[in-house]
Amino acid sequence: MKFYEKIKKIDRRIIYLLVFLSILIPFLPGTEFLRFPVSSTKETEYIFNYIESLEKGDAVHIDWAFDPSVKAELVPFFKAFFRHCMKKELKVFIYYATLMGIGLGKDAVAEITAEDEFAHLREGVDYIHMEWIPISSDIMIFSMSTDYKGTFKKEGVIFDGVETINDIGFILGLSGSGWHFTWVDMQIRFGYTLGLAVTAVMGPDYIPFIQTGQLTGLSFGLRGAAEYEMMVSEKYDPDGPGYYDTATRGMASLTLSHLVVFGFVLIGNIVYFIEKKNRRS
Amino acid sequence: MKKEIPIFMGLVAGVIWYTEFFIAGLFYENLKLFFANGLRIGGVVGVMISIYSVSRQMYMKIKYNNERYYSFLRISMILLMLFLGAKRGMSPGTPFMSMFMNVYVPFQATVFSLLAFYIASAAYRSFKAKSLESAVLLVASVIVMMGKIPLGEAIWDKIPLFGEWILDAPSSAGRRAIIFGGYLGSITMFIRIFFGLERAHLSE
């Protein structure tokens, strides 16, 4: 068997092993040289800049519509965004559109509030988990002009001055699906400010709505989260360790695994053309 | 009556939801609350039915020795999580949350992560420049992917710009066309259901 034929019939377990190593190696100590600086894209900057423009005490609604399957891509963004809101002293309402997200969200918030800097934050004052109700919140929230608090039947200082969806300064949707297309559609009608953080594979689906103005910002997967971590760090802790977290660390894995895929695509094409040439001759 | 009542309900619901978009008022606000509460109740009933359905299915499998041990494990885990949630609640630090974060979350994240391995293998075997169209697709995808990783920018700072242009212009135009097509189809379907012309949802 010729060499290129051997390459063509390469065992898929070798591919799996190389992908596995490309993801694992950047997390090992001493591999910091694999981490390249991340620059921000305009879509993520829109979200950051809009949050920057909000005043202390303004309300932010987070629609958490994902479960643990896309945790690696979206939880880092949530953490960076939540830290940003807390630095700006905004009121954060977290609604869970999926049951499986509740534990994930509460754990992420608990992780942040365990840090010394954010230990003073209190649920019901600075942020609130609005749990899950067995219906998509879009119908409930938008069903009554004074329904925001009534929908969730929640008490707390945080609800002072927040009665309708019009009192929310910014809505952030987190999802790994087409869940937020409904929110995008209704933006035209209610005029709220909506930003989304979605998985990288879903990102291109929402780009047309940035262009129409229905979306104020868009973050693509882990890359978007790394950009947000970078922007928050540069703004609020430029000389210190910053607020870099799992997304920044994960970017090296992302880079290396992409290179492995590129490598295999390149090899696959070379083998294909050699084979084609041999067939002709 | 089996056909007439659903068609009539479709007509009434269509009139209500369509006119609601244009007419604001307390009547419609209350009506929407009625529907929203109804859906909420329906959701709760749905959860109860699904618990009953899963339990019944598992009972049958255990009884007739059809993958008995998996079924037993599944029903045990459901009952265990119910017990843990009812006994100590679901806040961080409780046994329920510990099980959720340390068992369920890694399981689900792992299953989804396996996609990366399959994609790498599939890309190697099928992502080839067999024609001009596939060559264009291949080049565009490589540029977009290179634009999304920091290394691409380190190689040449214009790569992310090209990647963004591909997403903003050709890709976005194509998606917009698909979205328009989808919505036109939805409107057509709405009109057909509204006038009782479409009966597929009535099992016809």
# chains A, B, ... in the order shown; residues from 1 in each chain; ligands from 1
>>> closest_atom_pairs(of="chain A", to="chain B", cutoff="8 Å", atoms="only C-alpha atoms", output="Markdown table")
| residue | atom | partner | partner_atom | distance |
| --- | --- | --- | --- | --- |
| A:Arg12 | CA | B:Ser121 | CA | 6.3 |
| A:Ile15 | CA | B:Ser121 | CA | 6.3 |
| A:Tyr16 | CA | B:Phe117 | CA | 5.5 |
| A:Val19 | CA | B:Phe117 | CA | 6.6 |
| A:Phe20 | CA | B:Phe117 | CA | 7.9 |
| A:Phe36 | CA | B:Pro150 | CA | 5.6 |
| A:Pro37 | CA | B:Pro150 | CA | 6.3 |
| A:Val38 | CA | B:Pro150 | CA | 5.5 |
| A:Ser39 | CA | B:Pro150 | CA | 7.7 |
| A:Pro68 | CA | B:Val105 | CA | 5.2 |
| A:Ser69 | CA | B:Ala109 | CA | 4.2 |
| A:Val70 | CA | B:Ala109 | CA | 6.6 |
| A:Lys71 | CA | B:Ala109 | CA | 6.8 |
| A:Ala72 | CA | B:Ala109 | CA | 7.7 |
| A:Gly103 | CA | B:Met97 | CA | 6.5 |
| A:Leu104 | CA | B:Met101 | CA | 7.3 |
| A:Lys106 | CA | B:Pro92 | CA | 6.7 |
| A:Asp107 | CA | B:Pro92 | CA | 6.2 |
| A:Ala110 | CA | B:Pro92 | CA | 7.3 |
| A:Ile133 | CA | B:Arg40 | CA | 7.5 |
| A:Pro134 | CA | B:Gly43 | CA | 5.1 |
| A:Ile135 | CA | B:Arg40 | CA | 5.6 |
| A:Ile139 | CA | B:Ala36 | CA | 6.6 |
| A:Met140 | CA | B:Ala36 | CA | 6.3 |
| A:Ser143 | CA | B:Lys32 | CA | 5.8 |
| A:Met144 | CA | B:Glu29 | CA | 5.8 |
| A:Ser145 | CA | B:Glu29 | CA | 7.9 |
| A:Pro204 | CA | B:Leu167 | CA | 6.5 |
| A:Asp205 | CA | B:Arg175 | CA | 6.7 |
| A:Ile207 | CA | B:Ser172 | CA | 6.4 |
| A:Pro208 | CA | B:Ser172 | CA | 5.7 |
| A:Arg223 | CA | B:Lys148 | CA | 7.0 |
| A:Met251 | CA | B:Ile149 | CA | 7.4 |
| A:Leu254 | CA | B:Ile149 | CA | 7.1 |
| A:Thr255 | CA | B:Ile149 | CA | 5.4 |
| A:His258 | CA | B:Met145 | CA | 7.5 |
| A:Val261 | CA | B:Ala120 | CA | 5.5 |
| A:Phe262 | CA | B:Val142 | CA | 7.6 |
| A:Phe264 | CA | B:Tyr124 | CA | 5.1 |
| A:Val265 | CA | B:Tyr124 | CA | 4.9 |
| A:Ile267 | CA | B:Tyr124 | CA | 7.7 |
| A:Gly268 | CA | B:Tyr124 | CA | 5.4 |
| A:Asn269 | CA | B:Lys128 | CA | 5.4 |
| A:Tyr272 | CA | B:Lys128 | CA | 7.4 |
>>> select_by_dssp(residues="range 96-180 of chain B", states="alpha helix (DSSP H)", output="PyMOL selection string")
chain B and resi 96-99+105-126+132-148+150-155+159-166+172-180
>>> atom_distance(atom1="CA of Leu54 in chain A", atom2="CA of Gly124 in chain A")
20.0 Å
